file query-v4.pdb (PDB, N, CA and C atoms)
ATOM      1  N   MET T  16       0.840  -1.173   0.000
ATOM      2  CA  MET T  16       0.000   0.000   0.000
ATOM      3  C   MET T  16       0.889   1.240   0.000
ATOM      4  N   SER T  17       0.531   2.217  -0.767
ATOM      5  CA  SER T  17       1.298   3.457  -0.797
ATOM      6  C   SER T  17       0.401   4.621  -0.397
ATOM      7  N   ALA T  18       1.027   5.718  -0.030
ATOM      8  CA  ALA T  18       0.290   6.909   0.388
ATOM      9  C   ALA T  18       0.785   8.103  -0.411
ATOM     10  N   ARG T  19      -0.065   9.066  -0.554
ATOM     11  CA  ARG T  19       0.257  10.283  -1.282
ATOM     12  C   ARG T  19      -0.084  11.451  -0.366
ATOM     13  N   PHE T  20       0.758  12.487  -0.368
ATOM     14  CA  PHE T  20       0.438  13.649   0.448
ATOM     15  C   PHE T  20       0.951  14.915  -0.225
ATOM     16  N   ASP T  21       0.369  16.015   0.166
ATOM     17  CA  ASP T  21       0.773  17.328  -0.324
ATOM     18  C   ASP T  21       1.545  18.037   0.774
ATOM     19  N   VAL T  22       2.535  18.790   0.369
ATOM     20  CA  VAL T  22       3.335  19.544   1.329
ATOM     21  C   VAL T  22       3.634  20.914   0.720
ATOM     22  N   VAL T  23       3.621  21.932   1.558
ATOM     23  CA  VAL T  23       3.932  23.287   1.116
ATOM     24  C   VAL T  23       5.375  23.589   1.509
ATOM     25  N   LEU T  24       6.181  24.001   0.530
ATOM     26  CA  LEU T  24       7.592  24.293   0.755
ATOM     27  C   LEU T  24       7.865  25.770   0.531
ATOM     28  N   SER T  25       8.838  26.294   1.254
ATOM     29  CA  SER T  25       9.270  27.664   0.993
ATOM     30  C   SER T  25       9.939  27.710  -0.384
ATOM     31  N   ASP T  26       9.997  28.896  -0.959
ATOM     32  CA  ASP T  26      10.656  29.042  -2.259
ATOM     33  C   ASP T  26      12.114  28.602  -2.186
ATOM     34  N   ASP T  27      12.810  28.960  -1.094
ATOM     35  CA  ASP T  27      14.215  28.589  -0.942
ATOM     36  C   ASP T  27      14.394  27.076  -0.876
ATOM     37  N   LEU T  28      13.565  26.408  -0.082
ATOM     38  CA  LEU T  28      13.668  24.955   0.036
ATOM     39  C   LEU T  28      13.315  24.292  -1.291
ATOM     40  N   ASN T  29      12.330  24.794  -1.967
ATOM     41  CA  ASN T  29      11.934  24.254  -3.267
ATOM     42  C   ASN T  29      13.090  24.357  -4.263
ATOM     43  N   ARG T  30      13.786  25.491  -4.283
ATOM     44  CA  ARG T  30      14.936  25.669  -5.179
ATOM     45  C   ARG T  30      16.059  24.700  -4.803
ATOM     46  N   ASP T  31      16.305  24.544  -3.505
ATOM     47  CA  ASP T  31      17.354  23.615  -3.065
ATOM     48  C   ASP T  31      17.023  22.183  -3.469
ATOM     49  N   ILE T  32      15.786  21.802  -3.362
ATOM     50  CA  ILE T  32      15.364  20.465  -3.779
ATOM     51  C   ILE T  32      15.565  20.291  -5.272
ATOM     52  N   ASP T  33      15.174  21.278  -6.050
ATOM     53  CA  ASP T  33      15.364  21.202  -7.507
ATOM     54  C   ASP T  33      16.841  21.046  -7.859
ATOM     55  N   LYS T  34      17.720  21.777  -7.166
ATOM     56  CA  LYS T  34      19.155  21.661  -7.417
ATOM     57  C   LYS T  34      19.656  20.266  -7.068
ATOM     58  N   ALA T  35      19.204  19.725  -5.942
ATOM     59  CA  ALA T  35      19.627  18.385  -5.528
ATOM     60  C   ALA T  35      19.136  17.326  -6.507
ATOM     61  N   VAL T  36      17.915  17.478  -6.988
ATOM     62  CA  VAL T  36      17.358  16.539  -7.970
ATOM     63  C   VAL T  36      18.213  16.542  -9.233
ATOM     64  N   GLU T  37      18.537  17.733  -9.720
ATOM     65  CA  GLU T  37      19.336  17.844 -10.945
ATOM     66  C   GLU T  37      20.751  17.306 -10.744
ATOM     67  N   ALA T  38      21.362  17.645  -9.625
ATOM     68  CA  ALA T  38      22.744  17.231  -9.367
ATOM     69  C   ALA T  38      22.876  15.724  -9.175
ATOM     70  N   ASN T  39      21.807  15.065  -8.738
ATOM     71  CA  ASN T  39      21.874  13.634  -8.439
ATOM     72  C   ASN T  39      21.090  12.769  -9.399
ATOM     73  N   ALA T  40      20.659  13.353 -10.511
ATOM     74  CA  ALA T  40      19.932  12.610 -11.548
ATOM     75  C   ALA T  40      18.834  11.737 -10.942
ATOM     76  N   THR T  41      17.998  12.343 -10.132
ATOM     77  CA  THR T  41      16.895  11.640  -9.494
ATOM     78  C   THR T  41      15.616  12.434  -9.726
ATOM     79  N   ASN T  42      14.581  12.130  -8.992
ATOM     80  CA  ASN T  42      13.344  12.902  -9.098
ATOM     81  C   ASN T  42      12.910  13.326  -7.699
ATOM     82  N   ARG T  43      11.962  14.242  -7.652
ATOM     83  CA  ARG T  43      11.535  14.810  -6.369
ATOM     84  C   ARG T  43      10.985  13.741  -5.426
ATOM     85  N   GLY T  44      10.211  12.810  -5.955
ATOM     86  CA  GLY T  44       9.634  11.758  -5.118
ATOM     87  C   GLY T  44      10.707  10.909  -4.464
ATOM     88  N   GLU T  45      11.704  10.502  -5.236
ATOM     89  CA  GLU T  45      12.785   9.676  -4.698
ATOM     90  C   GLU T  45      13.596  10.458  -3.672
ATOM     91  N   LEU T  46      13.865  11.719  -3.947
ATOM     92  CA  LEU T  46      14.594  12.551  -2.993
ATOM     93  C   LEU T  46      13.827  12.672  -1.684
ATOM     94  N   MET T  47      12.526  12.882  -1.755
ATOM     95  CA  MET T  47      11.713  13.014  -0.549
ATOM     96  C   MET T  47      11.653  11.694   0.222
ATOM     97  N   ARG T  48      11.553  10.564  -0.487
ATOM     98  CA  ARG T  48      11.553   9.255   0.195
ATOM     99  C   ARG T  48      12.857   9.041   0.955
ATOM    100  N   LYS T  49      13.983   9.370   0.312
ATOM    101  CA  LYS T  49      15.279   9.208   0.974
ATOM    102  C   LYS T  49      15.399  10.139   2.175
ATOM    103  N   ALA T  50      14.931  11.368   2.033
ATOM    104  CA  ALA T  50      14.987  12.330   3.141
ATOM    105  C   ALA T  50      14.164  11.832   4.329
ATOM    106  N   LEU T  51      12.986  11.292   4.062
ATOM    107  CA  LEU T  51      12.144  10.778   5.140
ATOM    108  C   LEU T  51      12.765   9.546   5.792
ATOM    109  N   GLN T  52      13.394   8.682   4.990
ATOM    110  CA  GLN T  52      14.066   7.513   5.556
ATOM    111  C   GLN T  52      15.221   7.940   6.461
ATOM    112  N   LEU T  53      15.978   8.950   6.038
ATOM    113  CA  LEU T  53      17.072   9.460   6.855
ATOM    114  C   LEU T  53      16.545  10.056   8.153
ATOM    115  N   TYR T  54      15.459  10.803   8.081
ATOM    116  CA  TYR T  54      14.865  11.402   9.268
ATOM    117  C   TYR T  54      14.397  10.322  10.242
ATOM    118  N   LEU T  55      13.732   9.298   9.728
ATOM    119  CA  LEU T  55      13.259   8.219  10.589
ATOM    120  C   LEU T  55      14.424   7.458  11.219
ATOM    121  N   ALA T  56      15.510   7.270  10.464
ATOM    122  CA  ALA T  56      16.699   6.619  11.022
ATOM    123  C   ALA T  56      17.310   7.484  12.121
ATOM    124  N   ALA T  57      17.302   8.807  11.929
ATOM    125  CA  ALA T  57      17.827   9.724  12.952
ATOM    126  C   ALA T  57      16.991   9.642  14.218
ATOM    127  N   LEU T  58      15.678   9.581  14.074
ATOM    128  CA  LEU T  58      14.803   9.462  15.244
ATOM    129  C   LEU T  58      15.067   8.164  15.990
ATOM    130  N   ASP T  59      15.236   7.077  15.240
ATOM    131  CA  ASP T  59      15.517   5.787  15.869
ATOM    132  C   ASP T  59      16.859   5.834  16.587
ATOM    133  N   GLY T  60      17.867   6.412  15.957
ATOM    134  CA  GLY T  60      19.172   6.534  16.587
ATOM    135  C   GLY T  60      19.119   7.378  17.849
ATOM    136  N   LYS T  61      18.377   8.473  17.795
ATOM    137  CA  LYS T  61      18.240   9.343  18.967
ATOM    138  C   LYS T  61      17.597   8.570  20.114
ATOM    139  N   ARG T  62      16.573   7.787  19.804
ATOM    140  CA  ARG T  62      15.891   6.980  20.817
ATOM    141  C   ARG T  62      16.861   6.001  21.475
ATOM    142  N   ARG T  63      17.843   5.538  20.693
ATOM    143  CA  ARG T  63      18.825   4.580  21.210
ATOM    144  C   ARG T  63      20.072   5.261  21.780
ATOM    145  N   GLY T  64      20.059   6.602  21.865
ATOM    146  CA  GLY T  64      21.179   7.334  22.450
ATOM    147  C   GLY T  64      22.328   7.593  21.500
ATOM    148  N   LEU T  65      22.090   7.444  20.202
ATOM    149  CA  LEU T  65      23.134   7.678  19.207
ATOM    150  C   LEU T  65      23.062   9.106  18.685
ATOM    151  N   LYS T  66      24.095   9.524  17.961
ATOM    152  CA  LYS T  66      24.147  10.845  17.350
ATOM    153  C   LYS T  66      24.167  10.700  15.839
ATOM    154  N   LEU T  67      23.693  11.747  15.153
ATOM    155  CA  LEU T  67      23.714  11.786  13.702
ATOM    156  C   LEU T  67      24.645  12.905  13.279
ATOM    157  N   GLY T  68      25.570  12.602  12.365
ATOM    158  CA  GLY T  68      26.496  13.637  11.922
ATOM    159  C   GLY T  68      27.256  13.225  10.683
ATOM    160  N   LEU T  69      28.157  14.122  10.277
ATOM    161  CA  LEU T  69      29.035  13.882   9.143
ATOM    162  C   LEU T  69      30.428  13.590   9.688
ATOM    163  N   VAL T  70      30.997  12.463   9.263
ATOM    164  CA  VAL T  70      32.280  12.001   9.784
ATOM    165  C   VAL T  70      33.322  12.070   8.674
ATOM    166  N   ASP T  71      34.487  12.618   9.010
ATOM    167  CA  ASP T  71      35.606  12.662   8.077
ATOM    168  C   ASP T  71      36.123  11.233   7.900
ATOM    169  N   PRO T  72      36.128  10.712   6.674
ATOM    170  CA  PRO T  72      36.544   9.314   6.486
ATOM    171  C   PRO T  72      38.018   9.069   6.803
ATOM    172  N   LYS T  73      38.836  10.104   6.722
ATOM    173  CA  LYS T  73      40.263   9.927   7.006
ATOM    174  C   LYS T  73      40.530   9.869   8.510
ATOM    175  N   THR T  74      39.958  10.783   9.252
ATOM    176  CA  THR T  74      40.215  10.855  10.696
ATOM    177  C   THR T  74      39.171  10.118  11.520
ATOM    178  N   GLU T  75      38.044   9.819  10.908
ATOM    179  CA  GLU T  75      36.901   9.195  11.571
ATOM    180  C   GLU T  75      36.360  10.056  12.715
ATOM    181  N   LYS T  76      36.599  11.373  12.625
ATOM    182  CA  LYS T  76      36.063  12.303  13.614
ATOM    183  C   LYS T  76      34.820  12.974  13.046
ATOM    184  N   MET T  77      33.842  13.183  13.922
ATOM    185  CA  MET T  77      32.620  13.852  13.499
ATOM    186  C   MET T  77      32.933  15.326  13.226
ATOM    187  N   GLN T  78      32.614  15.785  12.039
ATOM    188  CA  GLN T  78      32.851  17.160  11.651
ATOM    189  C   GLN T  78      31.622  18.045  11.902
ATOM    190  N   THR T  79      30.444  17.449  11.712
ATOM    191  CA  THR T  79      29.182  18.172  11.900
ATOM    192  C   THR T  79      28.206  17.247  12.585
ATOM    193  N   GLU T  80      27.615  17.701  13.668
ATOM    194  CA  GLU T  80      26.566  16.934  14.341
ATOM    195  C   GLU T  80      25.233  17.605  14.082
ATOM    196  N   PHE T  81      24.251  16.826  13.687
ATOM    197  CA  PHE T  81      22.901  17.348  13.456
ATOM    198  C   PHE T  81      22.131  17.305  14.762
ATOM    199  N   ILE T  82      21.709  18.455  15.203
ATOM    200  CA  ILE T  82      21.010  18.583  16.479
ATOM    201  C   ILE T  82      19.580  19.031  16.223
ATOM    202  N   GLY T  83      18.663  18.536  17.017
ATOM    203  CA  GLY T  83      17.277  18.992  16.936
ATOM    204  C   GLY T  83      16.379  18.142  16.072
ATOM    205  N   LEU T  84      16.864  16.994  15.629
ATOM    206  CA  LEU T  84      15.996  16.105  14.844
ATOM    207  C   LEU T  84      15.119  15.304  15.758
TER     208      LEU T  84
END
call {"tool": "encode", "arguments": {"input": "query-v4.pdb", "output": "structure tokens"}}
result
Amino acid sequence: MSARFDVVLSDDLNRDIDKAVEANATNRGELMRKALQLYLAALDGKRRGLKLGLVDPKTEKMQTEFIGL
């Protein structure tokens, strides 16, 4: 079973999404599905006491931590 929904985006966010779609040769639906999967994974990690961030592959140190998800 699948679901469909409407969402209102700011002009800035809409432009950023369009740029990401073009840069990654994907479509808006696929980008939104991936974004929601990442958000749900972040929520699950937070529930388990984990952090979400960007890690430098060379040093394995977190460079950016996402807070407030």
call {"tool": "atom_distance", "arguments": {"input": "query-v4.pdb", "atom1": "CA of Val22 in chain T", "atom2": "CA of Met47 in chain T"}}
result
10.8 Å
call {"tool": "residues_around", "arguments": {"input": "query-v4.pdb", "residues": "Phe20 in chain T", "least_positions_apart": "3", "cutoff": "12 Å", "atoms": "only C-alpha atoms", "output": "ChimeraX atom specification"}}
result
/T:17,23,44,47-48
call {"tool": "write_last_selection", "arguments": {"input": "query-v4.pdb", "atoms": "N, CA and C atoms", "output": "PDB file, keeping the file's coordinate frame"}}
result
ATOM      1  N   SER T  17       0.531   2.217  -0.767  1.00  0.00           N
ATOM      2  CA  SER T  17       1.298   3.457  -0.797  1.00  0.00           C
ATOM      3  C   SER T  17       0.401   4.621  -0.397  1.00  0.00           C
ATOM      4  N   VAL T  23       3.621  21.932   1.558  1.00  0.00           N
ATOM      5  CA  VAL T  23       3.932  23.287   1.116  1.00  0.00           C
ATOM      6  C   VAL T  23       5.375  23.589   1.509  1.00  0.00           C
ATOM      7  N   GLY T  44      10.211  12.810  -5.955  1.00  0.00           N
ATOM      8  CA  GLY T  44       9.634  11.758  -5.118  1.00  0.00           C
ATOM      9  C   GLY T  44      10.707  10.909  -4.464  1.00  0.00           C
ATOM     10  N   MET T  47      12.526  12.882  -1.755  1.00  0.00           N
ATOM     11  CA  MET T  47      11.713  13.014  -0.549  1.00  0.00           C
ATOM     12  C   MET T  47      11.653  11.694   0.222  1.00  0.00           C
ATOM     13  N   ARG T  48      11.553  10.564  -0.487  1.00  0.00           N
ATOM     14  CA  ARG T  48      11.553   9.255   0.195  1.00  0.00           C
ATOM     15  C   ARG T  48      12.857   9.041   0.955  1.00  0.00           C
TER      16      ARG T  48
END
call {"tool": "residues_around", "arguments": {"input": "query-v4.pdb", "residues": "Leu69 in chain T", "least_positions_apart": "4", "cutoff": "8 Å", "atoms": "only N, CA and C atoms", "output": "PyMOL selection string"}}
result
chain T and resi 75-81
call {"tool": "select_by_dssp", "arguments": {"input": "query-v4.pdb", "residues": "range 16-55 of chain T", "states": "alpha helix (DSSP H)", "output": "MDAnalysis selection string"}}
result
chainID T and resid 26:38 43:55
call {"tool": "atom_distance", "arguments": {"input": "query-v4.pdb", "atom1": "atom N of Lys61 in chain T", "atom2": "atom C of Asn39 in chain T"}}
result
27.7 Å
call {"tool": "select_by_dssp", "arguments": {"input": "query-v4.pdb", "residues": "range 36-73 of chain T", "states": "strand (DSSP E or B)", "output": "ChimeraX atom specification"}}
result
/T:67-70
call {"tool": "axis_aligned_box", "arguments": {"input": "query-v4.pdb", "around": "range 42-52 of chain T", "padding_each_side": "3 Å", "output": "lines of an AutoDock Vina configuration file"}}
result
center_x = 12.5
center_y = 11.2
center_z = -1.3
size_x = 11.8
size_y = 13.3
size_z = 21.6
call {"tool": "atom_distance", "arguments": {"input": "query-v4.pdb", "atom1": "CA of Ala56 in chain T", "atom2": "CA of Asp33 in chain T"}}
result
23.6 Å
call {"tool": "decode", "arguments": {"input": "query-v4.pdb", "residues": "range 28-61 of chain T", "atoms": "N, CA, C and O atoms", "output": "compact mmCIF listing (two decimals), in the first residue's frame"}}
result
# COMPACT_ATOMS: atom_id res chain seq x y z
N LEU T 28 13.57 26.41 -0.08
CA LEU T 28 13.67 24.96 0.04
C LEU T 28 13.31 24.29 -1.29
O LEU T 28 13.98 23.34 -1.71
N ASN T 29 12.33 24.79 -1.97
CA ASN T 29 11.93 24.25 -3.27
C ASN T 29 13.09 24.36 -4.26
O ASN T 29 13.37 23.40 -5.00
N ARG T 30 13.79 25.49 -4.28
CA ARG T 30 14.94 25.67 -5.18
C ARG T 30 16.06 24.70 -4.80
O ARG T 30 16.68 24.10 -5.69
N ASP T 31 16.31 24.54 -3.50
CA ASP T 31 17.35 23.61 -3.06
C ASP T 31 17.02 22.18 -3.47
O ASP T 31 17.91 21.42 -3.87
N ILE T 32 15.79 21.80 -3.36
CA ILE T 32 15.36 20.46 -3.78
C ILE T 32 15.57 20.29 -5.27
O ILE T 32 16.09 19.27 -5.73
N ASP T 33 15.17 21.28 -6.05
CA ASP T 33 15.36 21.20 -7.51
C ASP T 33 16.84 21.05 -7.86
O ASP T 33 17.20 20.26 -8.74
N LYS T 34 17.72 21.78 -7.17
CA LYS T 34 19.16 21.66 -7.42
C LYS T 34 19.66 20.27 -7.07
O LYS T 34 20.46 19.69 -7.80
N ALA T 35 19.20 19.72 -5.94
CA ALA T 35 19.63 18.39 -5.53
C ALA T 35 19.14 17.33 -6.51
O ALA T 35 19.87 16.38 -6.83
N VAL T 36 17.91 17.48 -6.99
CA VAL T 36 17.36 16.54 -7.97
C VAL T 36 18.21 16.54 -9.23
O VAL T 36 18.60 15.49 -9.75
N GLU T 37 18.54 17.73 -9.72
CA GLU T 37 19.34 17.84 -10.94
C GLU T 37 20.75 17.31 -10.74
O GLU T 37 21.27 16.57 -11.58
N ALA T 38 21.36 17.64 -9.63
CA ALA T 38 22.74 17.23 -9.37
C ALA T 38 22.88 15.72 -9.17
O ALA T 38 23.95 15.16 -9.41
N ASN T 39 21.81 15.06 -8.74
CA ASN T 39 21.87 13.63 -8.44
C ASN T 39 21.09 12.77 -9.40
O ASN T 39 20.89 11.58 -9.14
N ALA T 40 20.66 13.35 -10.51
CA ALA T 40 19.93 12.61 -11.55
C ALA T 40 18.83 11.74 -10.94
O ALA T 40 18.77 10.54 -11.17
N THR T 41 18.00 12.34 -10.13
CA THR T 41 16.89 11.64 -9.49
C THR T 41 15.62 12.43 -9.73
O THR T 41 15.58 13.30 -10.58
N ASN T 42 14.58 12.13 -8.99
CA ASN T 42 13.34 12.90 -9.10
C ASN T 42 12.91 13.33 -7.70
O ASN T 42 13.43 12.85 -6.69
N ARG T 43 11.96 14.24 -7.65
CA ARG T 43 11.53 14.81 -6.37
C ARG T 43 10.98 13.74 -5.43
O ARG T 43 11.26 13.76 -4.23
N GLY T 44 10.21 12.81 -5.96
CA GLY T 44 9.63 11.76 -5.12
C GLY T 44 10.71 10.91 -4.46
O GLY T 44 10.64 10.62 -3.26
N GLU T 45 11.70 10.50 -5.24
CA GLU T 45 12.78 9.68 -4.70
C GLU T 45 13.60 10.46 -3.67
O GLU T 45 13.97 9.93 -2.62
N LEU T 46 13.87 11.72 -3.95
CA LEU T 46 14.59 12.55 -2.99
C LEU T 46 13.83 12.67 -1.68
O LEU T 46 14.40 12.52 -0.60
N MET T 47 12.53 12.88 -1.75
CA MET T 47 11.71 13.01 -0.55
C MET T 47 11.65 11.69 0.22
O MET T 47 11.71 11.68 1.46
N ARG T 48 11.55 10.56 -0.49
CA ARG T 48 11.55 9.25 0.19
C ARG T 48 12.86 9.04 0.96
O ARG T 48 12.86 8.61 2.11
N LYS T 49 13.98 9.37 0.31
CA LYS T 49 15.28 9.21 0.97
C LYS T 49 15.40 10.14 2.17
O LYS T 49 15.93 9.75 3.22
N ALA T 50 14.93 11.37 2.03
CA ALA T 50 14.99 12.33 3.14
C ALA T 50 14.16 11.83 4.33
O ALA T 50 14.60 11.92 5.48
N LEU T 51 12.99 11.29 4.06
CA LEU T 51 12.14 10.78 5.14
C LEU T 51 12.77 9.55 5.79
O LEU T 51 12.71 9.39 7.01
N GLN T 52 13.39 8.68 4.99
CA GLN T 52 14.07 7.51 5.56
C GLN T 52 15.22 7.94 6.46
O GLN T 52 15.42 7.38 7.54
N LEU T 53 15.98 8.95 6.04
CA LEU T 53 17.07 9.46 6.85
C LEU T 53 16.55 10.06 8.15
O LEU T 53 17.10 9.83 9.23
N TYR T 54 15.46 10.80 8.08
CA TYR T 54 14.86 11.40 9.27
C TYR T 54 14.40 10.32 10.24
O TYR T 54 14.66 10.40 11.45
N LEU T 55 13.73 9.30 9.73
CA LEU T 55 13.26 8.22 10.59
C LEU T 55 14.42 7.46 11.22
O LEU T 55 14.36 7.07 12.39
N ALA T 56 15.51 7.27 10.46
CA ALA T 56 16.70 6.62 11.02
C ALA T 56 17.31 7.48 12.12
O ALA T 56 17.76 6.97 13.15
N ALA T 57 17.30 8.81 11.93
CA ALA T 57 17.83 9.72 12.95
C ALA T 57 16.99 9.64 14.22
O ALA T 57 17.53 9.64 15.33
N LEU T 58 15.68 9.58 14.07
CA LEU T 58 14.80 9.46 15.24
C LEU T 58 15.07 8.16 15.99
O LEU T 58 15.12 8.14 17.22
N ASP T 59 15.24 7.08 15.24
CA ASP T 59 15.52 5.79 15.87
C ASP T 59 16.86 5.83 16.59
O ASP T 59 16.98 5.35 17.72
N GLY T 60 17.87 6.41 15.96
CA GLY T 60 19.17 6.53 16.59
C GLY T 60 19.12 7.38 17.85
O GLY T 60 19.72 7.03 18.87
N LYS T 61 18.38 8.47 17.79
CA LYS T 61 18.24 9.34 18.97
C LYS T 61 17.60 8.57 20.11
O LYS T 61 18.04 8.66 21.26
